[in-house]
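**Student:** What follows is a single structure, and I will ask about it in a moment.
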Amino acid sequence: MKQLELLYDGSSKQLYATENPEQIIIRFKDDTTAFYNIKCAKIENKGKMNCAISSMILDYLASKGVKTHFVEQVDENSQLCRVVRHIPIEVIVRNVIAGSMAKRLGIEEGRVPNNKIYDLCLRSDELSDPLINDHHAVALGLATYEELGEMYAASERINTLLTDLYAKAGIRLVDFKIEFGRTASGELVLADELTPDTCRIWDMATGERMDKDRFRRDLGRVREAYEEVANRLKSALNK
């Protein structure tokens, strides 16, 4: 598939048009940002690792019946994906309390709740992605209650599959965030990456963080952590 003009240049990905108006190329960058671009850096091979990790996971989810925008990986840093109309809502699934939720509610990180927690955020850099609820989403015309129900059901299925896959790799899935979109035919699909940039993942044996928190919290060895995740997932999928 031939890569044409640049459509979007984000903090971690670029989107390119292709000869097929229903498909785009997503290119993962080595750029890394945190705190809404306050903290920025380039991490060698991060784009390559994120592309490999997300491609493996999206292909695995598709094999289990989850509908996604992913078509195929086209080179070390790029994926071919379907064009979708994004729903500007981020679904956050929390298996373990960590990050912003722990800070916001004054709860120690690492607590495992009795239930799975689902948060919604409005996708808006200007507003710093504020938390919203179902009624806000409907009132703002972002989604219907029926669409939200579909998104929750898909998120639950994705969480179950990812938790099992990561466990086989000796990794604990703490939380993750995803977005959905509609294809030209109106089908709801997962339309996002699933990488250490968008998931919190901890080593099951040591509790060591293997995700973007290593960059946010100046823990070092970010590239090595991402490479370890990619290698472990590859081994888990080949078992």
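Each chain of the structure tokens is named A, B, ... in the order shown, its residues numbered from 1; ligands are numbered from 1 in display order.
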Give me the residues near Glu22 (chain A) as a list in words, where near means some atom within 8 Å (using only C-alpha atoms) and where sequence neighbours in that chain fewer than 2 positions away do not count.
**Tutor:**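 In the requested form, the answer reads Asn20, Ile24, Arg82, Val83 and Ala184 of chain A.
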**Student:** I want to know what sits within 10 Å of Ile87 (chain A), based on only C-alpha atoms, with residues of the same chain fewer than 2 positions away left out; could you give that as a PyMOL selection string?
**Tutor:** chain A and resi 84-85+89-90+122-123+142-143+147+179-182+188+191
**Student:** Using only C-alpha atoms, which residue out of A:Tyr145, A:Tyr166, A:Tyr226, A:Tyr118 lies closest to Ile178 (chain A)?
**Tutor:**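 Closest to Ile178 (chain A), using only C-alpha atoms: A:Tyr118.
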**Student:** Write out as a PyMOL selection string which residues come within 10 Å of region 68-74 of chain A when counting only C-alpha atoms, dropping same-chain ones fewer than 5 positions away.
**Tutor:** chain A and resi 1+23-27+51-52+54-56+58-59+61-62+79-84+180-183+187-193
**Student:** Any chance you could export the current selection's N, CA and C atoms as a JSON list (two decimals), in the first residue's frame?
**Tutor:**
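Output file out-v2.json follows:
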[["chain", "number", "residue", "atom", "x", "y", "z"],
["A", 1, "MET", "N", 0.85, -1.19, 0.00],
["A", 1, "MET", "CA", 0.00, 0.00, 0.00],
["A", 1, "MET", "C", 0.89, 1.25, 0.00],
["A", 23, "GLN", "N", -8.72, 3.36, 3.80],
["A", 23, "GLN", "CA", -7.61, 2.86, 4.61],
["A", 23, "GLN", "C", -6.57, 3.97, 4.82],
["A", 24, "ILE", "N", -5.92, 3.94, 5.98],
["A", 24, "ILE", "CA", -4.84, 4.88, 6.29],
["A", 24, "ILE", "C", -3.64, 4.10, 6.80],
["A", 25, "ILE", "N", -2.49, 4.76, 6.80],
["A", 25, "ILE", "CA", -1.29, 4.21, 7.42],
["A", 25, "ILE", "C", -1.02, 4.99, 8.69],
["A", 26, "ILE", "N", -0.84, 4.26, 9.79],
["A", 26, "ILE", "CA", -0.49, 4.86, 11.08],
["A", 26, "ILE", "C", 0.97, 4.53, 11.36],
["A", 27, "ARG", "N", 1.77, 5.59, 11.52],
["A", 27, "ARG", "CA", 3.20, 5.42, 11.78],
["A", 27, "ARG", "C", 3.52, 5.81, 13.21],
["A", 51, "CYS", "N", 4.71, -0.33, 17.68],
["A", 51, "CYS", "CA", 4.05, -0.88, 16.49],
["A", 51, "CYS", "C", 3.96, -2.40, 16.58],
["A", 52, "ALA", "N", 5.05, -3.03, 17.00],
["A", 52, "ALA", "CA", 5.06, -4.50, 17.13],
["A", 52, "ALA", "C", 4.09, -4.97, 18.20],
["A", 54, "SER", "N", 1.41, -3.36, 19.54],
["A", 54, "SER", "CA", 0.02, -3.10, 19.18],
["A", 54, "SER", "C", -0.44, -4.04, 18.06],
["A", 55, "SER", "N", 0.43, -4.30, 17.09],
["A", 55, "SER", "CA", 0.06, -5.21, 15.99],
["A", 55, "SER", "C", -0.20, -6.61, 16.52],
["A", 56, "MET", "N", 0.65, -7.09, 17.40],
["A", 56, "MET", "CA", 0.45, -8.42, 17.98],
["A", 56, "MET", "C", -0.88, -8.49, 18.75],
["A", 58, "LEU", "N", -3.60, -6.43, 18.57],
["A", 58, "LEU", "CA", -4.79, -6.24, 17.74],
["A", 58, "LEU", "C", -5.07, -7.47, 16.89],
["A", 59, "ASP", "N", -4.02, -8.10, 16.39],
["A", 59, "ASP", "CA", -4.20, -9.34, 15.63],
["A", 59, "ASP", "C", -4.76, -10.44, 16.52],
["A", 61, "LEU", "N", -6.58, -10.00, 19.31],
["A", 61, "LEU", "CA", -7.97, -9.68, 19.62],
["A", 61, "LEU", "C", -8.89, -10.03, 18.45],
["A", 62, "ALA", "N", -8.45, -9.72, 17.23],
["A", 62, "ALA", "CA", -9.25, -10.04, 16.05],
["A", 62, "ALA", "C", -9.47, -11.55, 15.93],
["A", 79, "GLN", "N", 1.38, 0.62, 10.56],
["A", 79, "GLN", "CA", 0.24, -0.27, 10.41],
["A", 79, "GLN", "C", -0.70, 0.27, 9.34],
["A", 80, "LEU", "N", -1.34, -0.64, 8.64],
["A", 80, "LEU", "CA", -2.43, -0.28, 7.74],
["A", 80, "LEU", "C", -3.73, -0.50, 8.50],
["A", 81, "CYS", "N", -4.58, 0.53, 8.55],
["A", 81, "CYS", "CA", -5.82, 0.46, 9.32],
["A", 81, "CYS", "C", -6.99, 1.00, 8.52],
["A", 82, "ARG", "N", -8.18, 0.61, 8.92],
["A", 82, "ARG", "CA", -9.38, 1.13, 8.29],
["A", 82, "ARG", "C", -9.68, 2.54, 8.76],
["A", 83, "VAL", "N", -10.21, 3.35, 7.87],
["A", 83, "VAL", "CA", -10.67, 4.69, 8.25],
["A", 83, "VAL", "C", -11.95, 4.56, 9.05],
["A", 84, "VAL", "N", -12.04, 5.26, 10.17],
["A", 84, "VAL", "CA", -13.25, 5.22, 10.99],
["A", 84, "VAL", "C", -13.63, 6.64, 11.40],
["A", 180, "PHE", "N", -13.04, 4.10, 20.43],
["A", 180, "PHE", "CA", -13.79, 3.36, 19.43],
["A", 180, "PHE", "C", -14.19, 4.27, 18.29],
["A", 181, "GLY", "N", -14.57, 3.65, 17.18],
["A", 181, "GLY", "CA", -15.04, 4.41, 16.03],
["A", 181, "GLY", "C", -16.01, 3.59, 15.21],
["A", 182, "ARG", "N", -16.64, 4.25, 14.26],
["A", 182, "ARG", "CA", -17.57, 3.60, 13.34],
["A", 182, "ARG", "C", -16.94, 3.54, 11.95],
["A", 183, "THR", "N", -17.03, 2.39, 11.30],
["A", 183, "THR", "CA", -16.56, 2.25, 9.93],
["A", 183, "THR", "C", -17.59, 2.87, 8.99],
["A", 187, "GLU", "N", -20.22, -0.05, 11.48],
["A", 187, "GLU", "CA", -19.80, -1.04, 12.47],
["A", 187, "GLU", "C", -18.93, -0.40, 13.54],
["A", 188, "LEU", "N", -19.23, -0.68, 14.81],
["A", 188, "LEU", "CA", -18.42, -0.18, 15.93],
["A", 188, "LEU", "C", -17.17, -1.04, 16.06],
["A", 189, "VAL", "N", -15.99, -0.41, 16.07],
["A", 189, "VAL", "CA", -14.74, -1.16, 16.17],
["A", 189, "VAL", "C", -13.80, -0.46, 17.15],
["A", 190, "LEU", "N", -12.90, -1.25, 17.74],
["A", 190, "LEU", "CA", -11.80, -0.69, 18.50],
["A", 190, "LEU", "C", -10.90, 0.06, 17.53],
["A", 191, "ALA", "N", -10.63, 1.33, 17.81],
["A", 191, "ALA", "CA", -9.88, 2.16, 16.88],
["A", 191, "ALA", "C", -8.74, 2.86, 17.62],
["A", 192, "ASP", "N", -7.86, 2.06, 18.18],
["A", 192, "ASP", "CA", -6.80, 2.63, 19.01],
["A", 192, "ASP", "C", -5.65, 1.64, 19.12],
["A", 193, "GLU", "N", -4.51, 2.14, 19.56],
["A", 193, "GLU", "CA", -3.38, 1.28, 19.85],
["A", 193, "GLU", "C", -3.54, 0.67, 21.24]]
**Student:** Any chance you could list, as a PyMOL selection string, the residues in region 64-156 of chain A that come up helix (DSSP H, G or I) when DSSP is run on the backbone?
**Tutor:** chain A and resi 99-105+134-139+145-156
**Student:** Quick one: residues within 10 Å of region 75-77 of chain A, only C-alpha atoms counted, chain neighbours fewer than 5 positions away excluded, as a PDB file with all heavy atoms, in the first residue's frame?
**Tutor:**
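Contents of out_36.pdb, as written:
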ATOM      1  N   LYS A  13       2.181   9.511  17.086  1.00  0.00           N
ATOM      2  CA  LYS A  13       1.832   8.821  15.840  1.00  0.00           C
ATOM      3  C   LYS A  13       1.598   9.833  14.721  1.00  0.00           C
ATOM      4  O   LYS A  13       1.227  10.976  14.966  1.00  0.00           O
ATOM      5  CB  LYS A  13       0.566   7.968  16.026  1.00  0.00           C
ATOM      6  CG  LYS A  13       0.702   6.834  17.012  1.00  0.00           C
ATOM      7  CD  LYS A  13      -0.505   5.903  16.955  1.00  0.00           C
ATOM      8  CE  LYS A  13      -1.778   6.591  17.393  1.00  0.00           C
ATOM      9  NZ  LYS A  13      -1.773   6.884  18.841  1.00  0.00           N
ATOM     10  N   ILE A  26      -0.841   4.256   9.792  1.00  0.00           N
ATOM     11  CA  ILE A  26      -0.493   4.857  11.082  1.00  0.00           C
ATOM     12  C   ILE A  26       0.971   4.534  11.362  1.00  0.00           C
ATOM     13  O   ILE A  26       1.358   3.363  11.396  1.00  0.00           O
ATOM     14  CB  ILE A  26      -1.385   4.315  12.208  1.00  0.00           C
ATOM     15  CG1 ILE A  26      -2.852   4.672  11.936  1.00  0.00           C
ATOM     16  CG2 ILE A  26      -0.943   4.873  13.565  1.00  0.00           C
ATOM     17  CD1 ILE A  26      -3.827   4.106  12.950  1.00  0.00           C
ATOM     18  N   ARG A  27       1.766   5.587  11.523  1.00  0.00           N
ATOM     19  CA  ARG A  27       3.201   5.417  11.776  1.00  0.00           C
ATOM     20  C   ARG A  27       3.521   5.813  13.208  1.00  0.00           C
ATOM     21  O   ARG A  27       3.216   6.930  13.640  1.00  0.00           O
ATOM     22  CB  ARG A  27       4.018   6.253  10.796  1.00  0.00           C
ATOM     23  CG  ARG A  27       5.523   6.068  10.947  1.00  0.00           C
ATOM     24  CD  ARG A  27       6.304   6.719   9.822  1.00  0.00           C
ATOM     25  NE  ARG A  27       7.744   6.495   9.961  1.00  0.00           N
ATOM     26  CZ  ARG A  27       8.377   5.388   9.605  1.00  0.00           C
ATOM     27  NH1 ARG A  27       7.684   4.391   9.078  1.00  0.00           N
ATOM     28  NH2 ARG A  27       9.677   5.257   9.761  1.00  0.00           N
ATOM     29  N   PHE A  28       4.130   4.902  13.948  1.00  0.00           N
ATOM     30  CA  PHE A  28       4.489   5.135  15.347  1.00  0.00           C
ATOM     31  C   PHE A  28       5.839   5.851  15.423  1.00  0.00           C
ATOM     32  O   PHE A  28       6.792   5.469  14.748  1.00  0.00           O
ATOM     33  CB  PHE A  28       4.557   3.814  16.109  1.00  0.00           C
ATOM     34  CG  PHE A  28       3.219   3.156  16.301  1.00  0.00           C
ATOM     35  CD1 PHE A  28       2.616   2.449  15.274  1.00  0.00           C
ATOM     36  CD2 PHE A  28       2.562   3.242  17.521  1.00  0.00           C
ATOM     37  CE1 PHE A  28       1.378   1.834  15.455  1.00  0.00           C
ATOM     38  CE2 PHE A  28       1.331   2.627  17.716  1.00  0.00           C
ATOM     39  CZ  PHE A  28       0.738   1.930  16.673  1.00  0.00           C
ATOM     40  N   LYS A  29       5.923   6.866  16.260  1.00  0.00           N
ATOM     41  CA  LYS A  29       7.116   7.694  16.401  1.00  0.00           C
ATOM     42  C   LYS A  29       7.900   7.327  17.661  1.00  0.00           C
ATOM     43  O   LYS A  29       7.354   6.723  18.584  1.00  0.00           O
ATOM     44  CB  LYS A  29       6.707   9.173  16.454  1.00  0.00           C
ATOM     45  CG  LYS A  29       5.967   9.642  15.214  1.00  0.00           C
ATOM     46  CD  LYS A  29       5.217  10.948  15.435  1.00  0.00           C
ATOM     47  CE  LYS A  29       6.122  12.107  15.733  1.00  0.00           C
ATOM     48  NZ  LYS A  29       5.349  13.387  15.826  1.00  0.00           N
ATOM     49  N   ASP A  30       9.149   7.750  17.690  1.00  0.00           N
ATOM     50  CA  ASP A  30       9.975   7.567  18.880  1.00  0.00           C
ATOM     51  C   ASP A  30       9.726   8.662  19.914  1.00  0.00           C
ATOM     52  O   ASP A  30      10.193   8.561  21.050  1.00  0.00           O
ATOM     53  CB  ASP A  30      11.458   7.550  18.511  1.00  0.00           C
ATOM     54  CG  ASP A  30      11.859   6.287  17.755  1.00  0.00           C
ATOM     55  OD1 ASP A  30      11.103   5.294  17.810  1.00  0.00           O
ATOM     56  OD2 ASP A  30      12.929   6.308  17.114  1.00  0.00           O
ATOM     57  N   ASN A  45      13.877   3.451  19.300  1.00  0.00           N
ATOM     58  CA  ASN A  45      13.124   2.238  18.957  1.00  0.00           C
ATOM     59  C   ASN A  45      11.746   2.149  19.621  1.00  0.00           C
ATOM     60  O   ASN A  45      11.086   1.118  19.511  1.00  0.00           O
ATOM     61  CB  ASN A  45      13.915   0.973  19.302  1.00  0.00           C
ATOM     62  CG  ASN A  45      15.056   0.721  18.329  1.00  0.00           C
ATOM     63  OD1 ASN A  45      15.013   1.175  17.183  1.00  0.00           O
ATOM     64  ND2 ASN A  45      16.070   0.011  18.771  1.00  0.00           N
ATOM     65  N   LYS A  46      11.283   3.220  20.289  1.00  0.00           N
ATOM     66  CA  LYS A  46       9.957   3.135  20.909  1.00  0.00           C
ATOM     67  C   LYS A  46       8.863   2.945  19.863  1.00  0.00           C
ATOM     68  O   LYS A  46       7.934   2.158  20.060  1.00  0.00           O
ATOM     69  CB  LYS A  46       9.658   4.372  21.748  1.00  0.00           C
ATOM     70  CG  LYS A  46       8.323   4.258  22.512  1.00  0.00           C
ATOM     71  CD  LYS A  46       8.039   5.473  23.363  1.00  0.00           C
ATOM     72  CE  LYS A  46       7.431   6.582  22.563  1.00  0.00           C
ATOM     73  NZ  LYS A  46       5.990   6.463  22.352  1.00  0.00           N
ATOM     74  N   GLY A  47       8.972   3.659  18.752  1.00  0.00           N
ATOM     75  CA  GLY A  47       7.974   3.514  17.704  1.00  0.00           C
ATOM     76  C   GLY A  47       7.926   2.091  17.167  1.00  0.00           C
ATOM     77  O   GLY A  47       6.846   1.521  16.969  1.00  0.00           O
ATOM     78  N   LYS A  48       9.087   1.520  16.949  1.00  0.00           N
ATOM     79  CA  LYS A  48       9.183   0.139  16.465  1.00  0.00           C
ATOM     80  C   LYS A  48       8.567  -0.827  17.464  1.00  0.00           C
ATOM     81  O   LYS A  48       7.802  -1.731  17.083  1.00  0.00           O
ATOM     82  CB  LYS A  48      10.650  -0.205  16.222  1.00  0.00           C
ATOM     83  CG  LYS A  48      10.918  -1.637  15.827  1.00  0.00           C
ATOM     84  CD  LYS A  48      12.419  -1.861  15.666  1.00  0.00           C
ATOM     85  CE  LYS A  48      12.746  -3.328  15.431  1.00  0.00           C
ATOM     86  NZ  LYS A  48      14.210  -3.550  15.300  1.00  0.00           N
ATOM     87  N   MET A  49       8.882  -0.651  18.753  1.00  0.00           N
ATOM     88  CA  MET A  49       8.356  -1.552  19.779  1.00  0.00           C
ATOM     89  C   MET A  49       6.834  -1.395  19.917  1.00  0.00           C
ATOM     90  O   MET A  49       6.105  -2.392  20.012  1.00  0.00           O
ATOM     91  CB  MET A  49       9.024  -1.269  21.127  1.00  0.00           C
ATOM     92  CG  MET A  49      10.491  -1.643  21.207  1.00  0.00           C
ATOM     93  SD  MET A  49      10.792  -3.412  20.905  1.00  0.00           S
ATOM     94  CE  MET A  49      11.380  -3.357  19.202  1.00  0.00           C
ATOM     95  N   ASN A  50       6.346  -0.146  19.920  1.00  0.00           N
ATOM     96  CA  ASN A  50       4.906   0.065  20.054  1.00  0.00           C
ATOM     97  C   ASN A  50       4.141  -0.490  18.862  1.00  0.00           C
ATOM     98  O   ASN A  50       3.054  -1.046  19.011  1.00  0.00           O
ATOM     99  CB  ASN A  50       4.601   1.548  20.233  1.00  0.00           C
ATOM    100  CG  ASN A  50       4.679   1.986  21.679  1.00  0.00           C
ATOM    101  OD1 ASN A  50       4.769   1.161  22.582  1.00  0.00           O
ATOM    102  ND2 ASN A  50       4.637   3.292  21.917  1.00  0.00           N
ATOM    103  N   CYS A  51       4.706  -0.332  17.676  1.00  0.00           N
ATOM    104  CA  CYS A  51       4.052  -0.883  16.490  1.00  0.00           C
ATOM    105  C   CYS A  51       3.958  -2.405  16.582  1.00  0.00           C
ATOM    106  O   CYS A  51       2.921  -2.998  16.307  1.00  0.00           O
ATOM    107  CB  CYS A  51       4.814  -0.474  15.231  1.00  0.00           C
ATOM    108  SG  CYS A  51       3.998  -0.956  13.695  1.00  0.00           S
ATOM    109  N   ALA A  52       5.050  -3.034  17.003  1.00  0.00           N
ATOM    110  CA  ALA A  52       5.064  -4.497  17.130  1.00  0.00           C
ATOM    111  C   ALA A  52       4.087  -4.965  18.202  1.00  0.00           C
ATOM    112  O   ALA A  52       3.323  -5.918  17.989  1.00  0.00           O
ATOM    113  CB  ALA A  52       6.478  -4.971  17.460  1.00  0.00           C
TER     114      ALA A  52
END
**Student:** Which residues, written as a list in words, have at least one atom at most 10 Å from Cys40 (chain A), with only C-alpha atoms counted and residues fewer than 5 positions away on the same chain left out?
**Tutor:** Ser11, Asp31, Thr32, Thr33, Ala34, Phe35, Phe215 and Arg216 of chain A
**Student:** Residues of region 147-237 of chain A that approach region 91-103 of chain A to 12 Å or less, counting only C-alpha atoms: could you list each one with the shortest pair of atoms and its distance in Å to one decimal, rows by chain and increasing residue number, as a tab-separated table?
**Tutor:**
residue	atom	partner	partner_atom	distance
A:Leu148	CA	A:Val91	CA	9.7
A:Gly149	CA	A:Val91	CA	11.7
A:Glu150	CA	A:Val91	CA	11.7
A:Met151	CA	A:Val91	CA	8.0
A:Tyr152	CA	A:Val91	CA	8.0
A:Ala153	CA	A:Val91	CA	11.3
A:Ala154	CA	A:Val91	CA	10.4
A:Ser155	CA	A:Val93	CA	7.4
A:Glu156	CA	A:Val93	CA	8.1
A:Arg157	CA	A:Val93	CA	11.0
A:Ile158	CA	A:Val93	CA	9.7
A:Asn159	CA	A:Val93	CA	7.4
A:Thr160	CA	A:Asn95	CA	10.3
A:Leu162	CA	A:Val93	CA	11.4
A:Thr163	CA	A:Asn95	CA	9.1
A:Arg172	CA	A:Val96	CA	9.3
A:Leu173	CA	A:Asn95	CA	7.2
A:Val174	CA	A:Val96	CA	4.9
A:Asp175	CA	A:Arg94	CA	4.4
A:Phe176	CA	A:Val93	CA	5.5
A:Lys177	CA	A:Ile92	CA	4.3
A:Ile178	CA	A:Val91	CA	5.4
A:Glu179	CA	A:Val91	CA	6.3
A:Phe180	CA	A:Val91	CA	8.6
A:Leu190	CA	A:Val91	CA	10.7
A:Ala191	CA	A:Val91	CA	11.6
A:Asp192	CA	A:Val91	CA	10.9
A:Thr198	CA	A:Ile92	CA	9.6
A:Cys199	CA	A:Ile92	CA	9.4
A:Arg200	CA	A:Ala98	CA	8.5
A:Ile201	CA	A:Val96	CA	10.1
A:Trp202	CA	A:Val96	CA	10.5
A:Arg209	CA	A:Ala98	CA	11.5
A:Asp211	CA	A:Gly99	CA	12.0
A:Lys212	CA	A:Gly99	CA	11.2
A:Asp213	CA	A:Gly99	CA	8.8
A:Arg216	CA	A:Gly99	CA	10.6
A:Arg217	CA	A:Gly99	CA	10.9
**Student:** Could the residues in this selection be written to a file with N, CA, C and O atoms, as a compact mmCIF listing (two decimals), in the first residue's frame?
**Tutor:**
# COMPACT_ATOMS: atom_id res chain seq x y z
N LEU A 148 -22.89 3.48 24.01
CA LEU A 148 -22.10 3.32 25.24
C LEU A 148 -22.17 1.88 25.74
O LEU A 148 -21.16 1.32 26.19
N GLY A 149 -23.35 1.27 25.64
CA GLY A 149 -23.49 -0.12 26.04
C GLY A 149 -22.59 -1.03 25.20
O GLY A 149 -21.95 -1.95 25.73
N GLU A 150 -22.53 -0.77 23.90
CA GLU A 150 -21.64 -1.54 23.02
C GLU A 150 -20.19 -1.34 23.41
O GLU A 150 -19.39 -2.30 23.42
N MET A 151 -19.82 -0.11 23.72
CA MET A 151 -18.44 0.20 24.08
C MET A 151 -18.04 -0.47 25.39
O MET A 151 -16.94 -1.01 25.51
N TYR A 152 -18.95 -0.46 26.37
CA TYR A 152 -18.65 -1.13 27.64
C TYR A 152 -18.50 -2.64 27.44
O TYR A 152 -17.59 -3.27 28.01
N ALA A 153 -19.40 -3.23 26.64
CA ALA A 153 -19.33 -4.68 26.41
C ALA A 153 -18.03 -5.06 25.70
O ALA A 153 -17.37 -6.04 26.06
N ALA A 154 -17.65 -4.26 24.69
CA ALA A 154 -16.39 -4.53 23.98
C ALA A 154 -15.19 -4.34 24.90
O ALA A 154 -14.24 -5.13 24.87
N SER A 155 -15.23 -3.31 25.75
CA SER A 155 -14.13 -3.06 26.68
C SER A 155 -13.97 -4.20 27.66
O SER A 155 -12.84 -4.60 28.00
N GLU A 156 -15.09 -4.75 28.13
CA GLU A 156 -15.04 -5.87 29.06
C GLU A 156 -14.41 -7.10 28.40
O GLU A 156 -13.58 -7.79 28.99
N ARG A 157 -14.80 -7.35 27.15
CA ARG A 157 -14.24 -8.48 26.41
C ARG A 157 -12.75 -8.29 26.17
O ARG A 157 -11.93 -9.21 26.37
N ILE A 158 -12.35 -7.10 25.77
CA ILE A 158 -10.94 -6.79 25.54
C ILE A 158 -10.15 -6.96 26.83
O ILE A 158 -9.05 -7.52 26.83
N ASN A 159 -10.71 -6.49 27.94
CA ASN A 159 -10.02 -6.61 29.22
C ASN A 159 -9.79 -8.07 29.60
O ASN A 159 -8.70 -8.44 30.05
N THR A 160 -10.79 -8.89 29.42
CA THR A 160 -10.66 -10.32 29.74
C THR A 160 -9.56 -10.96 28.90
O THR A 160 -8.69 -11.69 29.42
N LEU A 162 -7.04 -9.48 27.22
CA LEU A 162 -5.72 -8.92 27.48
C LEU A 162 -5.16 -9.35 28.83
O LEU A 162 -3.96 -9.60 28.96
N THR A 163 -6.03 -9.43 29.84
CA THR A 163 -5.58 -9.89 31.16
C THR A 163 -5.00 -11.29 31.06
O THR A 163 -3.93 -11.57 31.62
N ARG A 172 1.13 -8.20 34.72
CA ARG A 172 -0.17 -7.85 35.30
C ARG A 172 -0.74 -6.63 34.58
O ARG A 172 -0.09 -5.57 34.51
N LEU A 173 -1.94 -6.77 34.02
CA LEU A 173 -2.60 -5.65 33.36
C LEU A 173 -3.32 -4.82 34.42
O LEU A 173 -4.34 -5.22 34.96
N VAL A 174 -2.79 -3.66 34.71
CA VAL A 174 -3.32 -2.78 35.76
C VAL A 174 -4.49 -1.97 35.24
O VAL A 174 -5.58 -1.96 35.82
N ASP A 175 -4.29 -1.26 34.13
CA ASP A 175 -5.36 -0.49 33.50
C ASP A 175 -4.99 -0.20 32.06
O ASP A 175 -3.85 -0.42 31.64
N PHE A 176 -5.95 0.27 31.30
CA PHE A 176 -5.68 0.68 29.92
C PHE A 176 -6.78 1.63 29.46
O PHE A 176 -7.86 1.68 30.04
N LYS A 177 -6.47 2.39 28.40
CA LYS A 177 -7.44 3.31 27.83
C LYS A 177 -7.56 3.05 26.33
O LYS A 177 -6.56 2.79 25.65
N ILE A 178 -8.78 3.11 25.83
CA ILE A 178 -9.03 2.84 24.42
C ILE A 178 -10.12 3.76 23.88
O ILE A 178 -10.91 4.32 24.64
N GLU A 179 -10.14 3.88 22.55
CA GLU A 179 -11.17 4.63 21.86
C GLU A 179 -11.82 3.74 20.81
O GLU A 179 -11.22 2.75 20.35
N PHE A 180 -13.04 4.10 20.43
CA PHE A 180 -13.79 3.36 19.43
C PHE A 180 -14.19 4.27 18.29
O PHE A 180 -14.13 5.50 18.39
N LEU A 190 -12.90 -1.25 17.74
CA LEU A 190 -11.80 -0.69 18.50
C LEU A 190 -10.90 0.06 17.53
O LEU A 190 -10.46 -0.50 16.52
N ALA A 191 -10.63 1.33 17.81
CA ALA A 191 -9.88 2.16 16.88
C ALA A 191 -8.74 2.86 17.62
O ALA A 191 -8.67 4.09 17.66
N ASP A 192 -7.86 2.06 18.18
CA ASP A 192 -6.80 2.63 19.01
C ASP A 192 -5.65 1.64 19.12
O ASP A 192 -5.80 0.45 18.82
N THR A 198 -0.30 3.29 26.49
CA THR A 198 -1.73 3.43 26.81
C THR A 198 -2.21 2.43 27.86
O THR A 198 -3.40 2.43 28.19
N CYS A 199 -1.32 1.58 28.34
CA CYS A 199 -1.66 0.59 29.38
C CYS A 199 -0.69 0.73 30.55
O CYS A 199 0.48 1.08 30.35
N ARG A 200 -1.18 0.46 31.74
CA ARG A 200 -0.26 0.25 32.87
C ARG A 200 -0.08 -1.25 33.02
O ARG A 200 -1.05 -1.99 33.17
N ILE A 201 1.17 -1.68 32.97
CA ILE A 201 1.48 -3.10 33.08
C ILE A 201 2.66 -3.26 34.03
O ILE A 201 3.67 -2.57 33.90
N TRP A 202 2.51 -4.20 34.97
CA TRP A 202 3.54 -4.43 35.99
C TRP A 202 4.00 -5.88 35.92
O TRP A 202 3.20 -6.80 35.67
N ARG A 209 7.36 -1.62 37.05
CA ARG A 209 6.54 -1.00 36.02
C ARG A 209 7.21 -1.21 34.66
O ARG A 209 8.42 -1.02 34.51
N ASP A 211 5.81 0.21 31.66
CA ASP A 211 4.99 1.07 30.81
C ASP A 211 5.48 2.50 30.83
O ASP A 211 6.57 2.79 31.33
N LYS A 212 4.65 3.41 30.32
CA LYS A 212 5.04 4.82 30.19
C LYS A 212 5.29 5.51 31.53
O LYS A 212 5.93 6.57 31.58
N ASP A 213 4.82 4.93 32.62
CA ASP A 213 5.13 5.50 33.94
C ASP A 213 6.63 5.54 34.20
O ASP A 213 7.10 6.36 35.00
N ARG A 216 7.21 8.93 32.82
CA ARG A 216 6.54 9.96 33.63
C ARG A 216 7.26 10.18 34.96
O ARG A 216 7.39 11.30 35.43
N ARG A 217 7.73 9.08 35.57
CA ARG A 217 8.27 9.13 36.92
C ARG A 217 9.79 9.07 36.97
O ARG A 217 10.38 8.84 38.02
**Student:** Between A:Val138, A:Val112, A:Ala17, A:Ile53, which is the closest to Glu227 (chain A) once you count only C-alpha atoms?
**Tutor:**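 The shortest atom-to-atom distance to Glu227 (chain A) comes from A:Ile53.
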**Student:** Please return as a list in words: the residues of region 95-176 of chain A that backbone DSSP assigns to strand (DSSP E).
**Tutor:**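 So, restricting region 95-176 of chain A to strand (DSSP E), we get Ile117, Tyr118, Asp119, Leu120, Cys121, Leu122, Leu131, Ile132, Ile171, Arg172, Leu173, Val174, Asp175 and Phe176 of chain A.
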**Student:** Work out how far CA of Ser124 (chain A) is from CA of Tyr8 (chain A), in Å to one decimal.
**Tutor:**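 Answer for the CA of Tyr8 (chain A) to CA of Ser124 (chain A) separation: 15.8 Å.
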**Student:** One decimal, in Å: what's the spacing between CA of Ala167 (chain A) and CA of Arg223 (chain A)?
**Tutor:** 21.2 Å
